[in-house]
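Trainee: Pasting a structure below so you can have a look.
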Amino acid sequence: MFSNRTIYNHCAVSPLPPITSASSTSNKTSGIRQPICIVTGATSGLGAATALALSKKCFFVVLAGRSSDKLSKVMSDIRKQNKEANLEAFQVDLSSFSSIMRFKESIEQWILDSNMHPSIQLLINNAGILATTSRFTTEGHDQMMGTNYIGAFSLTQVLLPLLKNSPVPSRIINVTSFTHRNVSSFRAEKETVSGNRFSGYESYPFAQIYEYSKLCVLLFSYELHRQFHLTEGSQPISVMVVDPGAVRTDIMREVPWYISQTAFFSLQLLGLLQSPEAGVSSMLDAALAHPETSGLYFFGGKGRTLESSALSHDIKLSRELWDTSNDILQDSLLGYNRGSVSSEKAA
């Protein structure tokens, strides 16, 4: 069932308070700071449209994506439409844990060098892929599960200190899909979460894996919400889920042309296909909702929320997924630290 929520007209968070310049010898303070928003998958489509929209809503927008050329183009396009936009861009491949850690370190250094408040106010986990062939990450995970879910989980965890350090309420927005409703059962074991159980299949079940990854995003989001808000005195971090509906992006670029065009044509005939610019409305709903709002599933814009599938609300399953995901994260962190030590010794 749909419901409508009150949406702020301006900005989800207040401007940051002045901070003392660490590099200054005087006692003067710097000016009011803009809240920092990170948008992953910002090189095209919904991510790029979201970055533009939030640049007009008082955010300092950090665009994150795999291609430096595409990031530069998006930044240029945004500045043509919003001359007052404050933007920064960083490369990151969410299927690679080492890339995630380098991104985190780059963000921390950029904030320090820019004399900004050491915090982040909004993280939007938008990046996602629809792979039609079996590929693996450097950590040995299925690339689609690695990008769509494990990468989002890992990035959120490593950026949590910056989100918790915010002097104003911060929030996390995770992008899911209505296709999660196609999943009737799920086991949160490591082989499934990593996607390795599908490696022996004769035909790569890409649609099923995509649906699994989007269900995992929901389970993770609801569990994170519970951890933040069911503990007395917990840090006021909101966790939202966004389902923009059917948006015409290049996520189906690996699907045969005739299949993707048939799907788009059918959705258009039904009046369900949106442009990225129209689809961004649900992102803004979540970003600009009341600071105390958390744990909601925003769908299709106009402030609408609805219930996700019953399976996505399974608390036992979400806790099992949390534990499995943490184990995967710790393994990745251990491997990253070992690699860092080896590099230092070689140097």
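Quick note on naming: the chains in the structure tokens go A, B, ... in the order shown, residues restart at 1 in each chain, and ligands are numbered from 1 in order of appearance.
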Counting only C-alpha atoms, what is within 9 Å of region 39-54 of chain A, bar same-chain residues fewer than 4 positions away, as a ChimeraX atom specification?

Mentor: /A:11,58-75,77-79,81-82,85,87,92,94,122-128,244,247-251,275-281,283-284,287

Trainee: Taking the DSSP secondary structure from the backbone, can you list the residues of region 136-174 of chain A that are strand (DSSP E), as a PyMOL selection string?

Mentor: chain A and resi 170-174

Trainee: For Lys164 (chain A), which residue out of A:Ile237, A:Leu333, A:Ile38, A:Ala286 is the nearest one, using only C-alpha atoms?

Mentor: A:Ile237

Trainee: Which distance in Å separates CA of Cys37 (chain A) and CA of Ser294 (chain A), to one decimal?

Mentor: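 Computing it gives 17.4 Å between the two atoms.
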
Trainee: Report the residues of region 11-127 of chain A whose backbone DSSP state falls under alpha helix (DSSP H), written as a PyMOL selection string.

Mentor: chain A and resi 45-55+68-81+97-113
